[in-house]
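Single-structure report; data block below.
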2 protein chains.
Amino acid sequence: MNYQPPLEDSRFIAFDVLQADRALAALPAFAEVDRDLMTQVLEEAGKFVADVVAPLQTVGDQVGCHFEQGRVTTPPGFRDAYQAFWQAGWPALSSAPEDGGQGLPAMLEAVLYEMLSAANHGWTMAPGLLHGAYECIKHHASDDLKAWYLQKVATGEWLATMCLTEPHAGSDLGLARTRAVPQPDGSYRLTGTKIFISGGEHDLSDNIVHLVLARLPDAPPGPKGLSLFLVPKFMPDGSRSAVHCDRIEEKMGLHGSPTCVMRFDDASCWIVGEPGRGLAAMFIMMNAARLHVALQGVGLLDAAWQKANAYSLERRQMRAPGRGKSAAEADLIAEHPAMRRILDTQRAWIDGGRVLAYRTALELDRAKHLASADPAAAASAQRWCSLITPVLKSAWTEQAFAGGSACLQVLGGHGYVSEWGIEQIVRDSRVAMIYEGTNEIQAIDLLVRKVLADGGQGLSALLVDLAAQLPEGHAGQGRVRRLEAVTATLVQAAPGDATLPYEVADDYLRAVALVLLDWAWARIDATPGAQVPRWQAPRQALVRHVLPEFEMRLRIIESRCAESREGAVA
Amino acid sequence: MNYQPPLEDSRFIAFDVLQADRALAALPAFAEVDRDLMTQVLEEAGKFVADVVAPLQTVGDQVGCHFEQGRVTTPPGFRDAYQAFWQAGWPALSSAPEDGGQGLPAMLEAVLYEMLSAANHGWTMAPGLLHGAYECIKHHASDDLKAWYLQKVATGEWLATMCLTEPHAGSDLGLARTRAVPQPDGSYRLTGTKIFISGGEHDLSDNIVHLVLARLPDAPPGPKGLSLFLVPKFMPDGSRSAVHCDRIEEKMGLHGSPTCVMRFDDASCWIVGEPGRGLAAMFIMMNAARLHVALQGVGLLDAAWQKANAYSLERRQMRAPGRGKSAAEADLIAEHPAMRRILDTQRAWIDGGRVLAYRTALELDRAKHLASADPAAAASAQRWCSLITPVLKSAWTEQAFAGGSACLQVLGGHGYVSEWGIEQIVRDSRVAMIYEGTNEIQAIDLLVRKVLADGGQGLSALLVDLAAQLPEGHAGQGRVRRLEAVTATLVQAAPGDATLPYEVADDYLRAVALVLLDWAWARIDATPGAQVPRWQAPRQALVRHVLPEFEMRLRIIESRCAESREGAVA
């Protein structure tokens, strides 16, 4: 069974729960983007995903990518699908019309990428970096560079990479050693080796545009010494540049995406942005990129859920308790409480994750399109993105793996066998906990760099807003107060105990994730049409099985703070 | 880096923490088995594991098993290693001397299988079923059958399988359709298809002995209609029997173990035990088999931990908080709190799991060797095995997967790449949550079939014993009382709410697992030599990060019981 785009659910969440059409209509850029248009775009997207991308899921895993003498061949069908994808305009969905784009909301792109990732995570890696590269070139490249590359990247005719990691510099990019030397004509020559480069080499597009972090000869050590460079596979004159793929990695999953070791051998290139401002130029797209990884989590979990759900409605094993006699010799797996619990719990994460991820995409739209018209509103939208994105990236990629594994369990031994396709989803999903900033780094980003940095003010303001939207007497209001109190305790304890926030950052992020998930479900619950088993069963699972973790996380943090106060910790 | 047998830790836990030498010396069968002898056996076992089995870990995954025209070829080196294994007497470690065995304690076999599974889970699947088949044949087969097969299986010269699952009968063996028809000479002819048969066909041993569940022509439907049959690959006269391997499965992992579809085509065979008593004949070995799966969990988690630990002590990334300036440009990964937490938490599960698993193996020894001399003591040992084994199987196989994945995270992107070997451990480990009774079935076995069945008396008695061994004022005593109270609540609520115990069985099992883990660590803590960082760091992680789950689980159960009382649940 291939993945089925869940259009009905996506529309319900985008338009009924979040009222995205109203929110977007308030932005001048989208004055003409109404619900009908968006519905039509999503339906077309769903068709493309179901007809073109989903059928390549198994071949992507089983045939995978092949490397020979510097060339990478992607699995059969991948190039044709990609060519059809960019020619249909999908990569350009939210790019500016003047760059060849369609100028539609980021929220639609979010739904598109959720579906693409769910249908075929490996294939989707290729276009997944395009929009970030587009924004980076648009905002930081020289006019000459833009003239050559902006439209090609905006439309996806040429694919792009981000070359950050080096053999000894993963999470710590400040250790990067790749060097760029200025040339008399204003260009540069770049030398070094980058690893874990998704789509560093392939046969999907006719050119590849690499954005590479490197150091100028006089650069200081550490992250502030990094500049950003654009290195094309083929130069504007059509010659092949000195960029070589030395190897692709064998991996746990994601076989449809070549993970390349790239060697730059005195390669001609141009600087993008100011010298020493390479990380800043890349960070412009970080919230969008991390949101896309969170959407991968939502999509992959849904893909796993769909397989488990279908299996549970076909296969009978043993008598389920409390069912009485039936004509069949056994009851459906879906009727067994332990399996029902797995299925409904994952759905609580999928639906709630969708609410939060689409809402965050709406905030990205607001932050971008209100920047000049209403700076205060844009700043508030930016605050949401900054605080919420690391939570979504971390919690939903973890859930994709752990919850995907729970869905695999519903199939029993068949889940472990490749034929059913669910074990591929579990293997593929695992990488999302690592890339685009590991989940542990997301947690530190949230607690240390964002919450503690302003004494908890920003998050507190956001949580109070959310709590105010909960119905009178909703248990979530008490949880928000608990979280605020624990945040205050942390703000007080952290200055005297350097390791404390780093030890409890994961617990803190989980607690925030659960408050957000609870809020998302309160939004669903308040929506006409949600008072039916389809929505009430996951909601019940949320209350029974998911939210109790909140109190556990807070107690872990409180105990650790108490230890700190008592001087039990050095 | 290959897996290193952790002999020092195993000896410390077996002899210092559990004082296994004293416990075994009290059993007449082991009067001459002293600490020196056992230490020597474990050292030899460690050598065999490190020198012969561990080096085949990668080839087992990457080359895997091949199927062609009914024949299965195992990975290069597997047959030689297996031949060396049985010829050295390892499969016969705990078998009776009169059957060709060495008559040593099951506890030594437990340590051996933990190490084997950690070093090479796929290879270890082959001998993993031998001891169970041996016990089954020994206690249920006719004298003729024993004369032909008992010694061959006891020594491992011939390997054995358990053929239970059918295409439509997995957890629910009562649905099995394979049929056996009696023949005039007292033998039977067996026809049907069995799936998921580990080692159903291979080139490791010169014959394979299949133990197969099937129905006699007049058998009733359901589990009571099943009888057990012995079907050899080669008949006593040397002819090939009508047992065919039709296919091997492609799987998420465990590529070194062929998972076979076996077709019995009017195959000659003999009954083992009484007609209709097939399940009973197989269940004799269930506690031992489940304990071995729990030991796989302990071993695989240790194997993953070893890789993550080694990596964290080699590689530097970023500054760790609270460390001050150092000469290096970054700090070791092992010094970062989020990574330290992962490593120490897994070690809490590994060490505590070892205490519990070895203790359970000692109880198996007691139950077996005191059966006639001291029936009360044997019954008490049997109670331990019956109650504790499902908890260990479920909680430690889950931890092998989830904790193995956490260890993978320590390697960042390198963890996802096959070269480092840790992703193989995560993939291999996943199956242990499914086979030998899924983890959900273990939880139902514990709560419904064992705890609720006697009103909680048996578990309560066991827990009170454990609590009495905790130091005065130890927090574990309060947890035992909490667990007793919740058990009483469940005993009261379950009769009126058929689905309740099935919904909270997983939570209940987790709560019991945490009480046991806490007890295990109290035993370690009370042992001279444990007051050093090696043991105190995991113990601190246990208290900070693992035990808080206990209260969460109990609250989930209590809330569900409260819903039941309020009639909120149909």
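Ligands are numbered from 1 in the order shown, chains are lettered A, B, ... in the order of the structure tokens, and residues start at 1 in each chain.
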Check: Taking only C-alpha atoms into account, what are the residues of chain B at most 6 Å from chain A, put as a list in words?
Finding: Asp172, Glu250, Lys251, Met252, Gln317, Met318, Pro321, Gly322, Pro337, Ala338, Gly412, Tyr416, Val417, Ser418, Glu423, Ile434, Ala498, Thr499, Tyr502 and Glu503 of chain B
Just the selected residues (all heavy atoms), exported as a short mmCIF file (atom, residue, chain, number, x, y, z; two decimals), in the first residue's frame, please.
data_model
loop_
_atom_site.label_atom_id
_atom_site.label_comp_id
_atom_site.auth_asym_id
_atom_site.auth_seq_id
_atom_site.Cartn_x
_atom_site.Cartn_y
_atom_site.Cartn_z
N ASP B 172 -1.37 -15.55 17.63
CA ASP B 172 -2.50 -16.43 17.91
C ASP B 172 -2.26 -17.80 17.28
O ASP B 172 -2.75 -18.10 16.19
CB ASP B 172 -3.78 -15.80 17.34
CG ASP B 172 -5.03 -16.51 17.82
OD1 ASP B 172 -4.91 -17.57 18.50
OD2 ASP B 172 -6.13 -16.02 17.51
N GLU B 250 13.49 -10.76 3.29
CA GLU B 250 14.33 -9.56 3.43
C GLU B 250 13.85 -8.83 4.67
O GLU B 250 12.65 -8.60 4.83
CB GLU B 250 14.17 -8.65 2.21
CG GLU B 250 14.59 -9.28 0.89
CD GLU B 250 16.08 -9.51 0.81
OE1 GLU B 250 16.83 -8.67 1.35
OE2 GLU B 250 16.49 -10.54 0.24
N LYS B 251 14.78 -8.44 5.51
CA LYS B 251 14.37 -7.87 6.80
C LYS B 251 15.10 -6.56 7.11
O LYS B 251 16.11 -6.24 6.51
CB LYS B 251 14.68 -8.85 7.94
CG LYS B 251 14.14 -10.26 7.74
CD LYS B 251 14.32 -11.12 8.98
CE LYS B 251 15.74 -11.39 9.37
NZ LYS B 251 16.54 -12.20 8.46
N MET B 252 14.58 -5.87 8.13
CA MET B 252 15.20 -4.64 8.62
C MET B 252 16.64 -4.88 9.07
O MET B 252 17.51 -4.03 8.90
CB MET B 252 14.38 -4.13 9.81
CG MET B 252 14.83 -2.80 10.38
SD MET B 252 13.72 -2.36 11.75
CE MET B 252 14.13 -0.62 11.97
N GLN B 317 34.02 18.12 20.07
CA GLN B 317 33.10 19.04 19.40
C GLN B 317 32.69 20.10 20.41
O GLN B 317 32.15 19.78 21.46
CB GLN B 317 31.84 18.32 18.91
CG GLN B 317 32.04 17.39 17.73
CD GLN B 317 32.13 18.12 16.40
OE1 GLN B 317 31.13 18.55 15.86
NE2 GLN B 317 33.33 18.28 15.86
N MET B 318 32.93 21.33 20.11
CA MET B 318 32.47 22.46 20.93
C MET B 318 32.98 22.40 22.38
O MET B 318 33.56 21.43 22.80
CB MET B 318 30.93 22.54 20.93
CG MET B 318 30.40 22.71 19.52
SD MET B 318 28.65 23.12 19.44
CE MET B 318 27.94 21.50 19.66
N PRO B 321 30.01 22.82 28.90
CA PRO B 321 29.82 23.80 29.97
C PRO B 321 30.54 23.38 31.24
O PRO B 321 30.66 22.19 31.53
CB PRO B 321 28.30 23.80 30.17
CG PRO B 321 27.85 22.48 29.68
CD PRO B 321 28.78 22.11 28.56
N GLY B 322 31.00 24.38 31.98
CA GLY B 322 31.58 24.12 33.30
C GLY B 322 32.93 23.45 33.27
O GLY B 322 33.36 22.85 34.26
N PRO B 337 27.11 17.39 28.71
CA PRO B 337 26.08 16.81 29.60
C PRO B 337 25.02 15.98 28.87
O PRO B 337 24.63 14.92 29.36
CB PRO B 337 25.47 18.03 30.27
CG PRO B 337 26.55 19.05 30.27
CD PRO B 337 27.32 18.83 29.00
N ALA B 338 24.56 16.45 27.70
CA ALA B 338 23.49 15.70 27.02
C ALA B 338 23.98 14.32 26.58
O ALA B 338 23.21 13.36 26.55
CB ALA B 338 22.98 16.50 25.82
N GLY B 412 26.28 11.19 16.14
CA GLY B 412 25.77 12.14 15.16
C GLY B 412 25.60 11.47 13.81
O GLY B 412 25.18 10.31 13.73
N TYR B 416 24.56 7.21 11.74
CA TYR B 416 23.60 6.80 10.69
C TYR B 416 24.30 6.07 9.54
O TYR B 416 23.64 5.43 8.73
CB TYR B 416 22.88 8.04 10.16
CG TYR B 416 21.60 7.75 9.41
CD1 TYR B 416 20.50 7.22 10.06
CD2 TYR B 416 21.49 8.00 8.05
CE1 TYR B 416 19.32 6.95 9.39
CE2 TYR B 416 20.32 7.74 7.36
CZ TYR B 416 19.23 7.21 8.03
OH TYR B 416 18.07 6.95 7.36
N VAL B 417 25.62 6.18 9.50
CA VAL B 417 26.40 5.58 8.41
C VAL B 417 26.80 4.16 8.81
O VAL B 417 27.19 3.91 9.94
CB VAL B 417 27.63 6.48 8.14
CG1 VAL B 417 28.63 5.78 7.25
CG2 VAL B 417 27.18 7.79 7.52
N SER B 418 26.68 3.23 7.86
CA SER B 418 26.88 1.81 8.19
C SER B 418 28.28 1.51 8.70
O SER B 418 28.47 0.64 9.56
CB SER B 418 26.62 0.96 6.95
OG SER B 418 25.34 1.24 6.44
N GLU B 423 24.43 1.46 13.67
CA GLU B 423 23.08 1.38 13.09
C GLU B 423 22.67 -0.08 12.88
O GLU B 423 21.50 -0.41 12.98
CB GLU B 423 22.95 2.24 11.83
CG GLU B 423 23.82 1.82 10.63
CD GLU B 423 23.14 0.80 9.74
OE1 GLU B 423 21.91 0.68 9.75
OE2 GLU B 423 23.89 0.08 9.05
N ILE B 434 9.63 -8.22 19.15
CA ILE B 434 8.52 -8.92 18.50
C ILE B 434 8.54 -10.41 18.79
O ILE B 434 7.52 -10.99 19.16
CB ILE B 434 8.56 -8.69 16.97
CG1 ILE B 434 8.44 -7.19 16.66
CG2 ILE B 434 7.49 -9.50 16.26
CD1 ILE B 434 8.77 -6.82 15.22
N ALA B 498 -13.61 -4.81 31.25
CA ALA B 498 -12.83 -5.87 30.58
C ALA B 498 -11.60 -5.35 29.86
O ALA B 498 -10.57 -6.03 29.78
CB ALA B 498 -13.73 -6.61 29.59
N THR B 499 -11.67 -4.13 29.32
CA THR B 499 -10.52 -3.66 28.56
C THR B 499 -9.45 -3.00 29.43
O THR B 499 -8.30 -2.89 29.02
CB THR B 499 -10.93 -2.65 27.46
OG1 THR B 499 -11.48 -1.50 28.07
CG2 THR B 499 -11.95 -3.26 26.51
N TYR B 502 -5.96 -4.54 29.85
CA TYR B 502 -5.25 -4.63 28.57
C TYR B 502 -4.73 -3.25 28.13
O TYR B 502 -3.76 -3.16 27.41
CB TYR B 502 -6.16 -5.22 27.50
CG TYR B 502 -6.50 -6.67 27.76
CD1 TYR B 502 -7.53 -7.02 28.63
CD2 TYR B 502 -5.76 -7.69 27.16
CE1 TYR B 502 -7.83 -8.34 28.91
CE2 TYR B 502 -6.04 -9.02 27.43
CZ TYR B 502 -7.08 -9.35 28.29
OH TYR B 502 -7.36 -10.66 28.56
N GLU B 503 -5.42 -2.21 28.56
CA GLU B 503 -4.98 -0.86 28.18
C GLU B 503 -3.79 -0.39 28.99
O GLU B 503 -3.00 0.43 28.51
CB GLU B 503 -6.13 0.15 28.37
CG GLU B 503 -7.03 0.22 27.18
CD GLU B 503 -8.19 1.18 27.42
OE1 GLU B 503 -7.98 2.21 28.09
OE2 GLU B 503 -9.30 0.89 26.95
#
- prompt: What's the 6 Å shell around Leu190 of chain A, counting only C-alpha atoms, without same-chain residues fewer than 2 positions away, as a list in words?
  reply: Arg179, Ala180, Asp266 and Ala267 of chain A
Quick one: residues within 10 Å of Pro471 of chain A, only C-alpha atoms, excluding same-chain residues fewer than 4 positions away - as a VMD selection string? chain A and resid 467 475 to 477 522 to 523 526
query: Can you list, as a PyMOL selection string, every protein, DNA or RNA residue that comes within 8 Å of segment 11-23 of chain B when you count only C-alpha atoms, leaving out same-chain residues fewer than 6 positions away?
result: chain B and resi 33-35+39+354-355+358-359+362+523-524+526-528
When DSSP is applied to the backbone of this structure, which of segment 69-212 of chain A are assigned helix (DSSP H, G or I)? Write them out as a ChimeraX atom specification. /A:78-87,90-92,97-99,106-119,121-128,130-140,143-155,173-175
Just list the residues in segment 271-499 of chain A DSSP gives strand (DSSP E or B) on the backbone, as JSON, numbers by chain.
-> {"A": [271, 272, 316, 332, 417]}
Please dump the current selection as a CSV table (one decimal), in the first residue's frame; keep N, CA and C atoms.
chain,number,residue,atom,x,y,z
A,271,ILE,N,32.0,34.6,-3.6
A,271,ILE,CA,31.6,34.8,-2.2
A,271,ILE,C,30.1,35.2,-2.2
A,272,VAL,N,29.3,34.7,-1.2
A,272,VAL,CA,27.9,35.1,-1.0
A,272,VAL,C,27.8,35.8,0.3
A,316,ARG,N,-6.9,-10.5,11.7
A,316,ARG,CA,-7.5,-10.9,12.9
A,316,ARG,C,-6.5,-11.8,13.7
A,332,LEU,N,-10.3,-8.3,15.0
A,332,LEU,CA,-9.3,-7.5,14.3
A,332,LEU,C,-8.3,-7.0,15.2
A,417,VAL,N,9.7,-7.3,8.3
A,417,VAL,CA,10.1,-7.8,7.0
A,417,VAL,C,9.9,-6.6,6.0
note - atom CA of Trp158 of chain A and atom CA of Pro75 of chain A are separated by 18.7 Å
- Quick one: residues within 7 Å of segment 203-218 of chain B, only C-alpha atoms counted, chain neighbours fewer than 6 positions away excluded, as number ranges by chain? B: 72-74, 78-79, 82, 157-164, 177-181, 225-234, 278
- Message: For Ala453 of chain B, find every residue with an atom within 12 Å (counting only C-alpha atoms), except residues of its own chain fewer than 3 positions away, and show them as a PyMOL selection string.
- Response: chain B and resi 387+444-450+456-459+487+490-491+494-495+501
Expressed in Å, the length from atom CA of Gln382 of chain A to atom CA of Gly100 of chain A is 26.1 Å
